[in-house]
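Engineer: Provided herewith: structure.cif, mmCIF, C-alpha atoms.
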```
data_protein
loop_
_atom_site.label_atom_id
_atom_site.label_comp_id
_atom_site.auth_asym_id
_atom_site.auth_seq_id
_atom_site.Cartn_x
_atom_site.Cartn_y
_atom_site.Cartn_z
CA MET R 1 63.58 201.30 -54.19
CA ARG R 2 62.16 200.64 -57.66
CA ALA R 3 64.38 199.09 -60.31
CA VAL R 4 63.71 197.78 -63.81
CA ARG R 5 65.65 194.52 -63.99
CA VAL R 6 66.49 191.67 -66.35
CA HIS R 7 66.40 188.09 -64.98
CA GLN R 8 66.88 186.31 -68.31
CA THR R 9 67.98 187.74 -71.63
CA GLY R 10 65.62 188.28 -74.54
CA GLU R 11 63.70 191.03 -76.25
CA PRO R 12 63.45 194.12 -73.99
CA ARG R 13 59.66 194.12 -74.01
CA ASP R 14 59.66 190.56 -72.65
CA VAL R 15 62.46 190.66 -70.07
CA LEU R 16 62.41 194.06 -68.36
CA ARG R 17 60.51 193.92 -65.05
CA VAL R 18 59.70 196.58 -62.48
CA GLU R 19 60.67 195.35 -59.01
CA GLU R 20 61.27 196.54 -55.45
CA VAL R 21 64.87 195.96 -54.35
CA ASP R 22 67.31 197.31 -51.78
CA PRO R 23 69.46 200.29 -52.82
CA PRO R 24 72.96 199.23 -53.93
CA ALA R 25 75.87 199.87 -51.60
CA PRO R 26 78.87 201.68 -53.11
CA GLY R 27 82.18 199.84 -53.02
CA PRO R 28 85.65 201.35 -53.11
CA GLY R 29 85.88 203.99 -55.83
CA GLN R 30 82.12 204.10 -56.39
CA VAL R 31 79.30 206.49 -55.53
CA ARG R 32 75.65 205.70 -55.03
CA VAL R 33 73.48 208.21 -56.85
CA ARG R 34 69.82 209.14 -56.89
CA VAL R 35 68.83 208.96 -60.53
CA ARG R 36 67.25 212.15 -61.84
CA ALA R 37 67.06 210.98 -65.48
CA ALA R 38 68.59 208.20 -67.58
CA ALA R 39 68.85 208.22 -71.35
CA VAL R 40 67.95 205.02 -73.19
CA ASN R 41 70.76 203.78 -75.44
CA PHE R 42 71.07 201.02 -78.02
CA PRO R 43 73.50 199.18 -75.71
CA ASP R 44 70.63 198.88 -73.21
CA ALA R 45 68.70 196.85 -75.76
CA LEU R 46 71.78 194.75 -76.51
CA LEU R 47 72.25 194.14 -72.78
CA CYS R 48 68.67 192.87 -72.57
CA ARG R 49 69.35 190.52 -75.48
CA GLY R 50 72.66 189.31 -74.05
CA MET R 51 74.43 190.63 -77.14
CA TYR R 52 76.50 193.44 -75.63
CA GLN R 53 80.26 193.07 -75.11
CA ALA R 54 79.74 193.52 -71.37
CA LYS R 55 77.63 190.77 -69.83
CA PRO R 56 76.67 191.65 -66.24
CA PRO R 57 75.53 188.87 -63.93
CA LEU R 58 71.81 188.18 -63.80
CA PRO R 59 69.68 189.77 -62.54
CA PHE R 60 70.87 193.24 -63.53
CA THR R 61 69.49 196.72 -64.08
CA PRO R 62 70.32 198.29 -67.48
CA GLY R 63 70.78 202.01 -67.98
CA VAL R 64 74.34 202.84 -68.96
CA GLU R 65 74.28 206.60 -68.31
CA ALA R 66 72.47 209.07 -66.10
CA CYS R 67 72.09 212.54 -64.74
CA ALA R 68 72.02 212.02 -61.00
CA GLU R 69 72.59 213.42 -57.54
CA ILE R 70 75.29 211.86 -55.39
CA ALA R 71 73.69 210.18 -52.36
CA GLU R 72 76.59 208.26 -50.80
CA LEU R 73 80.36 208.07 -51.23
CA GLY R 74 82.11 204.72 -51.28
CA PRO R 75 85.34 204.04 -49.38
CA GLY R 76 88.28 206.12 -50.56
CA VAL R 77 86.27 208.53 -52.72
CA THR R 78 87.47 212.12 -52.60
CA GLY R 79 86.75 215.26 -54.60
CA LEU R 80 82.99 214.65 -54.69
CA ALA R 81 80.24 215.50 -52.22
CA VAL R 82 76.77 214.26 -51.39
CA GLY R 83 74.31 216.42 -53.31
CA ASP R 84 76.53 217.04 -56.35
CA ARG R 85 74.59 216.96 -59.64
CA VAL R 86 76.60 214.82 -62.03
CA VAL R 87 76.50 212.95 -65.32
CA GLY R 88 78.36 209.86 -66.37
CA GLY R 89 78.30 206.14 -66.97
CA THR R 90 77.02 203.59 -64.49
CA ASP R 91 78.59 200.50 -62.95
CA LEU R 92 76.55 197.48 -63.99
CA PRO R 93 74.79 195.43 -62.70
CA SER R 94 73.46 198.51 -60.83
CA GLY R 95 72.42 200.58 -63.85
CA ALA R 96 70.38 203.74 -64.09
CA PHE R 97 66.90 202.32 -64.77
CA ALA R 98 66.21 202.56 -61.05
CA ASP R 99 65.73 205.07 -58.26
CA HIS R 100 69.39 204.60 -57.25
CA ALA R 101 72.44 203.41 -59.19
CA LEU R 102 76.19 203.01 -58.83
CA MET R 103 78.70 205.11 -60.76
CA PRO R 104 82.51 205.01 -60.85
CA ALA R 105 83.72 208.02 -58.90
CA ASP R 106 86.59 208.70 -61.31
CA ALA R 107 84.27 208.90 -64.30
CA VAL R 108 81.52 211.27 -63.19
CA PHE R 109 81.42 214.87 -64.35
CA PRO R 110 79.54 218.00 -63.33
CA ALA R 111 76.15 218.13 -65.06
CA PRO R 112 76.00 221.11 -67.44
CA GLY R 113 74.02 223.89 -65.80
CA ALA R 114 72.55 224.95 -69.14
CA LEU R 115 70.76 221.62 -69.57
CA THR R 116 67.75 220.10 -67.83
CA ASP R 117 68.12 216.72 -66.13
CA ASP R 118 66.64 214.97 -69.17
CA GLU R 119 68.98 216.81 -71.56
CA ALA R 120 72.04 216.31 -69.36
CA ALA R 121 71.31 212.59 -69.13
CA SER R 122 71.32 212.49 -72.94
CA LEU R 123 74.61 214.35 -73.37
CA PHE R 124 77.24 211.99 -72.07
CA ILE R 125 77.54 208.92 -74.30
CA ALA R 126 75.96 210.18 -77.53
CA TYR R 127 77.76 213.52 -77.65
CA GLN R 128 81.05 212.06 -76.45
CA THR R 129 80.74 209.50 -79.23
CA GLY R 130 80.01 212.20 -81.78
CA TRP R 131 82.84 214.39 -80.51
CA PHE R 132 85.47 211.65 -80.64
CA ALA R 133 84.26 210.40 -84.03
CA LEU R 134 84.29 213.79 -85.71
CA HIS R 135 87.20 215.51 -84.00
CA ARG R 136 89.55 212.85 -82.65
CA ARG R 137 89.16 210.18 -85.34
CA ALA R 138 88.08 212.06 -88.47
CA ALA R 139 89.85 215.39 -87.73
CA LEU R 140 86.87 217.27 -89.15
CA ARG R 141 87.66 220.64 -90.70
CA PRO R 142 85.32 223.63 -91.22
CA GLY R 143 83.66 223.60 -94.61
CA GLU R 144 83.81 219.84 -95.06
CA THR R 145 80.73 217.75 -95.79
CA VAL R 146 79.63 215.18 -93.21
CA LEU R 147 77.23 212.36 -94.06
CA VAL R 148 75.36 211.22 -90.94
CA HIS R 149 73.42 207.97 -91.04
CA ALA R 150 70.42 207.60 -88.69
CA ALA R 151 70.47 211.38 -88.35
CA ALA R 152 67.23 211.52 -86.34
CA GLY R 153 68.36 208.95 -83.79
CA GLY R 154 70.11 209.44 -80.48
CA VAL R 155 73.74 209.30 -81.62
CA GLY R 156 73.00 210.60 -85.11
CA SER R 157 71.19 213.70 -83.84
CA ALA R 158 74.22 214.49 -81.67
CA ALA R 159 76.53 214.12 -84.67
CA VAL R 160 74.40 216.50 -86.75
CA GLN R 161 74.58 219.22 -84.10
CA LEU R 162 78.28 218.72 -83.45
CA ALA R 163 79.17 218.78 -87.14
CA LYS R 164 77.21 222.00 -87.62
CA ALA R 165 78.88 223.52 -84.55
CA ALA R 166 82.24 222.69 -86.17
CA GLY R 167 81.33 224.57 -89.34
CA ALA R 168 80.62 221.56 -91.54
CA ARG R 169 77.85 220.98 -94.05
CA VAL R 170 75.68 218.07 -93.03
CA VAL R 171 73.79 215.49 -95.07
CA GLY R 172 71.43 213.59 -92.79
CA VAL R 173 70.16 210.16 -93.85
CA VAL R 174 66.87 209.02 -92.31
CA GLY R 175 64.10 206.50 -92.88
CA GLY R 176 60.74 208.16 -93.46
CA PRO R 177 59.19 211.65 -93.57
CA ALA R 178 58.73 212.02 -89.79
CA LYS R 179 62.44 211.42 -89.20
CA ALA R 180 63.26 213.73 -92.11
CA ARG R 181 61.47 216.58 -90.34
CA VAL R 182 63.48 215.91 -87.19
CA ALA R 183 66.80 215.95 -89.04
CA THR R 184 65.84 219.20 -90.77
CA ASP R 185 64.97 220.82 -87.46
CA LEU R 186 68.32 219.67 -86.05
CA GLY R 187 70.06 221.72 -88.73
CA ALA R 188 71.00 219.25 -91.47
CA ASP R 189 71.65 221.10 -94.74
CA LEU R 190 70.31 218.23 -96.82
CA VAL R 191 68.07 215.41 -95.61
CA VAL R 192 67.88 212.17 -97.59
CA ASP R 193 65.10 209.65 -97.04
CA ARG R 194 66.81 206.34 -97.77
CA HIS R 195 63.43 204.75 -98.54
CA THR R 196 62.79 207.03 -101.51
CA THR R 197 66.12 208.52 -102.61
CA ASP R 198 69.48 207.06 -103.65
CA ILE R 199 71.96 208.24 -101.04
CA ALA R 200 75.02 208.24 -103.27
CA ASP R 201 73.31 210.21 -106.03
CA ALA R 202 71.99 212.79 -103.55
CA VAL R 203 75.39 213.29 -101.91
CA LYS R 204 77.22 213.63 -105.23
CA LYS R 205 74.71 216.18 -106.45
CA PHE R 206 74.91 218.16 -103.19
CA THR R 207 78.73 218.23 -103.32
CA ASP R 208 79.09 218.85 -107.08
CA GLY R 209 80.50 215.37 -107.53
CA ARG R 210 83.11 215.50 -104.75
CA GLY R 211 81.34 213.27 -102.23
CA ALA R 212 81.28 213.32 -98.44
CA ASP R 213 84.52 214.13 -96.64
CA VAL R 214 83.42 212.35 -93.47
CA VAL R 215 80.83 209.60 -92.97
CA PHE R 216 79.41 208.98 -89.50
CA ASP R 217 78.00 205.45 -89.55
CA PRO R 218 76.34 203.87 -86.51
CA VAL R 219 74.25 201.58 -88.74
CA GLY R 220 76.51 199.35 -90.83
CA GLY R 221 75.03 196.96 -93.38
CA ASP R 222 73.70 198.61 -96.52
CA SER R 223 74.37 202.08 -95.12
CA PHE R 224 78.09 201.38 -95.12
CA ALA R 225 77.96 200.01 -98.67
CA ARG R 226 76.19 203.13 -99.91
CA SER R 227 78.72 205.35 -98.14
CA THR R 228 81.60 203.82 -100.10
CA LYS R 229 79.87 204.92 -103.29
CA CYS R 230 79.90 208.60 -102.35
CA ILE R 231 83.01 209.06 -100.22
CA ALA R 232 85.32 211.87 -101.30
CA PHE R 233 88.98 211.65 -102.24
CA GLU R 234 90.84 211.37 -98.91
CA GLY R 235 87.49 210.95 -97.16
CA ARG R 236 87.06 209.22 -93.82
CA ILE R 237 84.38 206.69 -92.92
CA VAL R 238 84.01 206.38 -89.15
CA VAL R 239 82.46 203.08 -88.07
CA ILE R 240 80.45 203.69 -84.88
CA GLY R 241 78.32 200.56 -84.63
CA PHE R 242 75.98 198.16 -86.35
CA ALA R 243 72.40 199.09 -85.47
CA SER R 244 71.26 197.36 -88.66
CA GLY R 245 72.44 194.06 -87.23
CA THR R 246 74.77 193.47 -90.17
CA ILE R 247 78.53 193.93 -89.84
CA PRO R 248 80.00 194.97 -93.21
CA THR R 249 82.87 193.10 -94.82
CA PRO R 250 84.50 195.88 -96.84
CA GLY R 251 86.68 195.23 -99.85
CA LEU R 252 89.93 196.94 -98.87
CA ASN R 253 90.92 197.18 -102.53
CA HIS R 254 88.12 199.74 -102.88
CA ALA R 255 89.56 201.88 -100.09
CA LEU R 256 92.94 201.65 -101.79
CA ILE R 257 91.67 202.61 -105.23
CA LYS R 258 89.56 205.54 -104.02
CA ASN R 259 92.02 206.81 -101.38
CA TYR R 260 89.70 206.85 -98.39
CA SER R 261 90.18 205.78 -94.80
CA LEU R 262 88.18 203.42 -92.61
CA LEU R 263 88.27 204.48 -88.96
CA GLY R 264 86.85 202.59 -86.02
CA LEU R 265 85.51 204.25 -82.89
CA HIS R 266 85.03 202.34 -79.65
CA TRP R 267 84.43 205.28 -77.33
CA GLY R 268 84.42 203.09 -74.23
CA LEU R 269 88.10 202.34 -74.85
CA TYR R 270 88.93 206.00 -74.36
CA ARG R 271 87.38 205.79 -70.90
CA LYS R 272 89.88 203.05 -70.08
CA ARG R 273 92.97 204.16 -71.99
CA ALA R 274 92.73 207.97 -72.12
CA PRO R 275 90.27 209.26 -69.50
CA HIS R 276 91.84 212.72 -69.65
CA LEU R 277 90.55 213.05 -73.22
CA VAL R 278 87.03 212.17 -72.04
CA ALA R 279 87.28 214.93 -69.43
CA GLN R 280 88.48 217.39 -72.08
CA ALA R 281 85.60 216.45 -74.36
CA HIS R 282 83.12 216.94 -71.50
CA ASP R 283 84.47 220.44 -70.92
CA ALA R 284 84.11 221.25 -74.62
CA LEU R 285 80.57 219.85 -74.76
CA THR R 286 79.58 221.75 -71.62
CA ALA R 287 80.80 224.97 -73.26
CA LEU R 288 78.86 224.23 -76.45
CA ALA R 289 75.73 223.58 -74.37
CA ALA R 290 76.20 226.87 -72.52
CA GLU R 291 76.45 228.66 -75.88
CA GLY R 292 73.27 226.96 -77.09
CA ARG R 293 75.09 225.26 -79.95
CA VAL R 294 74.18 221.74 -78.84
CA LYS R 295 71.01 220.66 -77.10
CA PRO R 296 69.95 217.02 -76.86
CA LEU R 297 66.61 216.30 -78.48
CA VAL R 298 64.51 214.56 -75.83
CA SER R 299 61.47 213.12 -77.57
CA GLU R 300 59.88 211.10 -74.75
CA ARG R 301 59.97 210.83 -70.95
CA LEU R 302 59.19 207.32 -69.75
CA GLY R 303 58.21 206.06 -66.33
CA ALA R 304 59.16 202.61 -65.07
CA ASP R 305 56.03 200.92 -66.41
CA ALA R 306 56.57 202.31 -69.95
CA LEU R 307 60.30 201.67 -70.12
CA ALA R 308 60.27 198.12 -71.52
CA ASP R 309 58.17 199.23 -74.48
CA GLY R 310 60.41 202.24 -75.04
CA VAL R 311 63.61 200.18 -75.09
CA GLN R 312 61.97 197.78 -77.53
CA ARG R 313 60.90 200.59 -79.86
CA LEU R 314 64.42 202.02 -79.81
CA ALA R 315 65.82 198.57 -80.62
CA ASP R 316 63.38 198.31 -83.52
CA GLY R 317 64.40 201.70 -84.95
CA ALA R 318 61.00 203.24 -84.28
CA THR R 319 62.09 206.25 -82.21
CA VAL R 320 63.58 209.69 -82.82
CA GLY R 321 65.90 211.73 -80.64
CA ARG R 322 66.41 210.50 -77.11
CA LEU R 323 64.08 208.48 -74.90
CA VAL R 324 64.65 209.25 -71.23
CA TYR R 325 63.74 207.21 -68.19
CA ALA R 326 62.46 209.60 -65.54
CA PRO R 327 61.82 208.03 -62.11
CA ASP R 328 59.19 210.69 -61.38
CA ALA R 329 57.29 210.18 -64.66
#
```
Starting from the file, give its structure as structure tokens.
Structural biologist:
Amino acid sequence: MRAVRVHQTGEPRDVLRVEEVDPPAPGPGQVRVRVRAAAVNFPDALLCRGMYQAKPPLPFTPGVEACAEIAELGPGVTGLAVGDRVVGGTDLPSGAFADHALMPADAVFPAPGALTDDEAASLFIAYQTGWFALHRRAALRPGETVLVHAAAGGVGSAAVQLAKAAGARVVGVVGGPAKARVATDLGADLVVDRHTTDIADAVKKFTDGRGADVVFDPVGGDSFARSTKCIAFEGRIVVIGFASGTIPTPGLNHALIKNYSLLGLHWGLYRKRAPHLVAQAHDALTALAAEGRVKPLVSERLGADALADGVQRLADGATVGRLVYAPDA
């Protein structure tokens, strides 16, 4: 089978190679799947660079989530059948940037029938992250204002749709006019180009001085600093990640004085500590997809030969929506 593998860590464009390898064999509690589509995520770039918290043995195949068809059940697996169309996370080092991958049998879910393979592959991690950030951590209420950084990106675009579906007003922060158009089309009520407009001033004007009730921040760095200048009384800043490469060092006296909360979200920990909540979120997201209230924005389909460049562009912040690896592309 074909697989796109990493033999030594570095920039994705330099280290991802297309190779012919044997299909992986499922172990106890695993299933081997035929990959139908695999969304490209920022962790895939970090894996290539050797900077992700999980460090699979070399060589490995990235691709942390997929929409796939079960091809083989490992020992002891029950409740699933060959041919089932599923979504979920993969078991590295046998990731989804390949014709076949391994997935943990207890963490795969039925693929939403309302979504194409490309869309279903883009639903799992990004929309689960958005769901847990907005509902579980921030306890978002209808009518509140949500500030979403990187609103045209993979996780940010999910957060925009989920916040709108929850009845919130959304301010989407982007970098450049092309990304501004994407965020507008996603449903953001106000779009702020951080290159040309002061974020804090725009949010305060939009909210009549109140500020944002919830901040969804997968960027860190200067984006976090700007958020603290326009957070509302009793607001909640949810820290998702640090795509900027800079981890903020907040002054906790500021949170004290302004009465706001800093909330962390490591969604992967829910998979380990509270998998029943992940299953509940998947059911809720599947229902929203069936109602047409969320629909992943797939901007590009990439074949194996174009994947290294795509992962690099995502790492460099030069993409919108979701890039999807499609084995048949």
Engineer: By how many Å are atom CA of R:Gly310 and atom CA of R:Val298 apart?
Structural biologist: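 According to the coordinates, atom CA of R:Gly310 and atom CA of R:Val298 are separated by 13.0 Å.
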Engineer: Running the PyMOL selection byres ((chain R and resi 240) around 8) on this model by hand, what would come out? Give it as a list in words.
Structural biologist: Ala133, Phe216, Asp217, Pro218, Val219, Val238, Val239, Gly241, Phe242, Gly264, Leu265 and His266 of chain R
Engineer: Quick one: distance from atom CA of R:Ala243 to atom CA of R:Asp309 in Å, one decimal?
Structural biologist: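 Between these atoms lies a distance of 18.0 Å.
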Engineer: Please enumerate the residues selected by the PyMOL selection byres ((chain R and resi 23) around 7) when evaluated against the supplied file, formatted as a list in words.
Structural biologist: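 With the shown file as input, the PyMOL selection byres ((chain R and resi 23) around 7) matches Met1, Val21, Asp22, Pro24, Ala25 and His100 of chain R.
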Engineer: I need the residues from that last selection saved to file as a compact mmCIF listing (two decimals), in the frame of the given file (with C-alpha atoms), if you can.
Structural biologist:
```
# COMPACT_ATOMS: atom_id res chain seq x y z
CA MET R 1 63.58 201.30 -54.19
CA VAL R 21 64.87 195.96 -54.35
CA ASP R 22 67.31 197.31 -51.78
CA PRO R 24 72.96 199.23 -53.93
CA ALA R 25 75.87 199.87 -51.60
CA HIS R 100 69.39 204.60 -57.25
```
Engineer: Apply the PyMOL selection byres ((chain R and resi 306) around 12) to the displayed file and report the matching residues as a VMD selection string.
Structural biologist: chain R and resid 4 12 to 13 16 to 18 97 300 to 305 307 to 313 323 to 327 329
Engineer: Show me, as a compact mmCIF listing (two decimals) with C-alpha atoms, keeping the file's coordinate frame, the residues that have an atom within 10 Å of R:Gly63 when counting all atoms listed in the file, minus same-chain residues fewer than 2 positions from it.
Structural biologist:
```
# COMPACT_ATOMS: atom_id res chain seq x y z
CA VAL R 4 63.71 197.78 -63.81
CA ARG R 5 65.65 194.52 -63.99
CA ALA R 38 68.59 208.20 -67.58
CA ALA R 39 68.85 208.22 -71.35
CA VAL R 40 67.95 205.02 -73.19
CA ASN R 41 70.76 203.78 -75.44
CA PRO R 43 73.50 199.18 -75.71
CA ASP R 44 70.63 198.88 -73.21
CA ALA R 45 68.70 196.85 -75.76
CA LEU R 47 72.25 194.14 -72.78
CA PHE R 60 70.87 193.24 -63.53
CA THR R 61 69.49 196.72 -64.08
CA GLU R 65 74.28 206.60 -68.31
CA ALA R 66 72.47 209.07 -66.10
CA GLY R 89 78.30 206.14 -66.97
CA THR R 90 77.02 203.59 -64.49
CA ASP R 91 78.59 200.50 -62.95
CA LEU R 92 76.55 197.48 -63.99
CA PRO R 93 74.79 195.43 -62.70
CA SER R 94 73.46 198.51 -60.83
CA GLY R 95 72.42 200.58 -63.85
CA ALA R 96 70.38 203.74 -64.09
CA PHE R 97 66.90 202.32 -64.77
CA ALA R 98 66.21 202.56 -61.05
CA ALA R 101 72.44 203.41 -59.19
CA TYR R 325 63.74 207.21 -68.19
```
Engineer: If you measure from atom CA of R:Ala168 to atom CA of R:Arg273, what distance in Å do you get, rounded to one decimal?
Structural biologist: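 These two atoms are separated by 28.9 Å.
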Engineer: What are the closest atom pairs, with distances in Å to one decimal, for each residue of stretch 80-128 of chain R lying within 10 Å of stretch 145-164 of chain R, using only C-alpha atoms, rows by chain and rising residue number, as a Markdown table?
Structural biologist:
```
| residue | atom | partner | partner_atom | distance |
| --- | --- | --- | --- | --- |
| R:Ser122 | CA | R:Gly154 | CA | 8.2 |
| R:Leu123 | CA | R:Ala158 | CA | 8.3 |
| R:Ile125 | CA | R:Val155 | CA | 8.3 |
| R:Ala126 | CA | R:Val155 | CA | 4.7 |
| R:Tyr127 | CA | R:Ala158 | CA | 5.4 |
| R:Gln128 | CA | R:Ala158 | CA | 8.9 |
```
Engineer: Can you tell me which residues surround R:Ala290 at a distance of at most 7 Å, considering all atoms listed in the file, apart from same-chain residues fewer than 3 positions away, and format the answer as a CSV table (one decimal) with C-alpha atoms, in the frame of the given file?
Structural biologist:
```csv
chain,number,residue,atom,x,y,z
R,114,ALA,CA,72.6,225.0,-69.1
R,286,THR,CA,79.6,221.8,-71.6
R,287,ALA,CA,80.8,225.0,-73.3
```
Engineer: Tell me, as a list in words, which residues lie within 9 Å of R:Arg141, counting all atoms listed in the file; anything in the same chain fewer than 3 positions away does not count.
Structural biologist: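 Final neighbour list, sorted by chain and number: His135, Ala138, Glu144, Ala166, Gly167 and Ala168 of chain R.
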Engineer: Which residues, protein or nucleic acid, reach to within 12 Å of (70.6, 190.4, -75.7) in the file's coordinates when using only C-alpha atoms, and can you give that as a PyMOL selection string?
Structural biologist: chain R and resi 6-16+42-56+62+312+315
Engineer: Go ahead and dump the residues you just picked, C-alpha atoms, as a PDB file, keeping the file's coordinate frame.
Structural biologist:
```
ATOM      1  CA  VAL R   6      66.490 191.670 -66.350  1.00  0.00           C
ATOM      2  CA  HIS R   7      66.400 188.090 -64.980  1.00  0.00           C
ATOM      3  CA  GLN R   8      66.880 186.310 -68.310  1.00  0.00           C
ATOM      4  CA  THR R   9      67.980 187.740 -71.630  1.00  0.00           C
ATOM      5  CA  GLY R  10      65.620 188.280 -74.540  1.00  0.00           C
ATOM      6  CA  GLU R  11      63.700 191.030 -76.250  1.00  0.00           C
ATOM      7  CA  PRO R  12      63.450 194.120 -73.990  1.00  0.00           C
ATOM      8  CA  ARG R  13      59.660 194.120 -74.010  1.00  0.00           C
ATOM      9  CA  ASP R  14      59.660 190.560 -72.650  1.00  0.00           C
ATOM     10  CA  VAL R  15      62.460 190.660 -70.070  1.00  0.00           C
ATOM     11  CA  LEU R  16      62.410 194.060 -68.360  1.00  0.00           C
ATOM     12  CA  PHE R  42      71.070 201.020 -78.020  1.00  0.00           C
ATOM     13  CA  PRO R  43      73.500 199.180 -75.710  1.00  0.00           C
ATOM     14  CA  ASP R  44      70.630 198.880 -73.210  1.00  0.00           C
ATOM     15  CA  ALA R  45      68.700 196.850 -75.760  1.00  0.00           C
ATOM     16  CA  LEU R  46      71.780 194.750 -76.510  1.00  0.00           C
ATOM     17  CA  LEU R  47      72.250 194.140 -72.780  1.00  0.00           C
ATOM     18  CA  CYS R  48      68.670 192.870 -72.570  1.00  0.00           C
ATOM     19  CA  ARG R  49      69.350 190.520 -75.480  1.00  0.00           C
ATOM     20  CA  GLY R  50      72.660 189.310 -74.050  1.00  0.00           C
ATOM     21  CA  MET R  51      74.430 190.630 -77.140  1.00  0.00           C
ATOM     22  CA  TYR R  52      76.500 193.440 -75.630  1.00  0.00           C
ATOM     23  CA  GLN R  53      80.260 193.070 -75.110  1.00  0.00           C
ATOM     24  CA  ALA R  54      79.740 193.520 -71.370  1.00  0.00           C
ATOM     25  CA  LYS R  55      77.630 190.770 -69.830  1.00  0.00           C
ATOM     26  CA  PRO R  56      76.670 191.650 -66.240  1.00  0.00           C
ATOM     27  CA  PRO R  62      70.320 198.290 -67.480  1.00  0.00           C
ATOM     28  CA  GLN R 312      61.970 197.780 -77.530  1.00  0.00           C
ATOM     29  CA  ALA R 315      65.820 198.570 -80.620  1.00  0.00           C
TER      30      ALA R 315
END
```
Engineer: Could you check the closest approach to R:Arg137 for each of R:Gly235, R:Pro104, R:Gly220, R:Pro57 and tell me which residue wins, using only C-alpha atoms?
Structural biologist: R:Gly235
Engineer: Using the incomplete input, complete stretch 223-236 of chain R to the level of N, CA and C atoms; output as a PDB file, keeping the file's coordinate frame.
Structural biologist:
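Now in out_3.pdb:
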```
ATOM      1  N   SER R 223      73.963 200.681 -95.266  1.00  0.00           N
ATOM      2  CA  SER R 223      74.370 202.080 -95.120  1.00  0.00           C
ATOM      3  C   SER R 223      75.861 202.241 -95.379  1.00  0.00           C
ATOM      4  N   PHE R 224      76.650 201.317 -94.871  1.00  0.00           N
ATOM      5  CA  PHE R 224      78.090 201.380 -95.120  1.00  0.00           C
ATOM      6  C   PHE R 224      78.376 201.213 -96.614  1.00  0.00           C
ATOM      7  N   ALA R 225      77.720 200.250 -97.251  1.00  0.00           N
ATOM      8  CA  ALA R 225      77.960 200.010 -98.670  1.00  0.00           C
ATOM      9  C   ALA R 225      77.638 201.249 -99.499  1.00  0.00           C
ATOM     10  N   ARG R 226      76.560 201.925 -99.157  1.00  0.00           N
ATOM     11  CA  ARG R 226      76.190 203.130 -99.910  1.00  0.00           C
ATOM     12  C   ARG R 226      77.189 204.255 -99.665  1.00  0.00           C
ATOM     13  N   SER R 227      77.746 204.300 -98.452  1.00  0.00           N
ATOM     14  CA  SER R 227      78.720 205.350 -98.140  1.00  0.00           C
ATOM     15  C   SER R 227      79.961 205.224 -99.016  1.00  0.00           C
ATOM     16  N   THR R 228      80.390 204.002 -99.289  1.00  0.00           N
ATOM     17  CA  THR R 228      81.600 203.820-100.100  1.00  0.00           C
ATOM     18  C   THR R 228      81.405 204.298-101.531  1.00  0.00           C
ATOM     19  N   LYS R 229      80.147 204.468-101.933  1.00  0.00           N
ATOM     20  CA  LYS R 229      79.870 204.920-103.290  1.00  0.00           C
ATOM     21  C   LYS R 229      79.884 206.448-103.412  1.00  0.00           C
ATOM     22  N   CYS R 230      79.931 207.133-102.274  1.00  0.00           N
ATOM     23  CA  CYS R 230      79.900 208.600-102.350  1.00  0.00           C
ATOM     24  C   CYS R 230      80.904 209.227-101.383  1.00  0.00           C
ATOM     25  N   ILE R 231      81.974 208.516-101.084  1.00  0.00           N
ATOM     26  CA  ILE R 231      83.010 209.060-100.220  1.00  0.00           C
ATOM     27  C   ILE R 231      83.996 209.861-101.066  1.00  0.00           C
ATOM     28  N   ALA R 232      84.434 210.981-100.553  1.00  0.00           N
ATOM     29  CA  ALA R 232      85.320 211.870-101.300  1.00  0.00           C
ATOM     30  C   ALA R 232      86.755 211.340-101.340  1.00  0.00           C
ATOM     31  N   PHE R 233      87.536 211.883-102.243  1.00  0.00           N
ATOM     32  CA  PHE R 233      88.980 211.650-102.240  1.00  0.00           C
ATOM     33  C   PHE R 233      89.542 212.061-100.884  1.00  0.00           C
ATOM     34  N   GLU R 234      90.301 211.166-100.258  1.00  0.00           N
ATOM     35  CA  GLU R 234      90.840 211.370 -98.910  1.00  0.00           C
ATOM     36  C   GLU R 234      89.732 211.522 -97.855  1.00  0.00           C
ATOM     37  N   GLY R 235      88.566 210.934 -98.139  1.00  0.00           N
ATOM     38  CA  GLY R 235      87.490 210.950 -97.160  1.00  0.00           C
ATOM     39  C   GLY R 235      87.728 209.949 -96.047  1.00  0.00           C
ATOM     40  N   ARG R 236      86.909 210.080 -94.997  1.00  0.00           N
ATOM     41  CA  ARG R 236      87.060 209.220 -93.820  1.00  0.00           C
ATOM     42  C   ARG R 236      85.699 208.662 -93.431  1.00  0.00           C
TER      43      ARG R 236
END
```
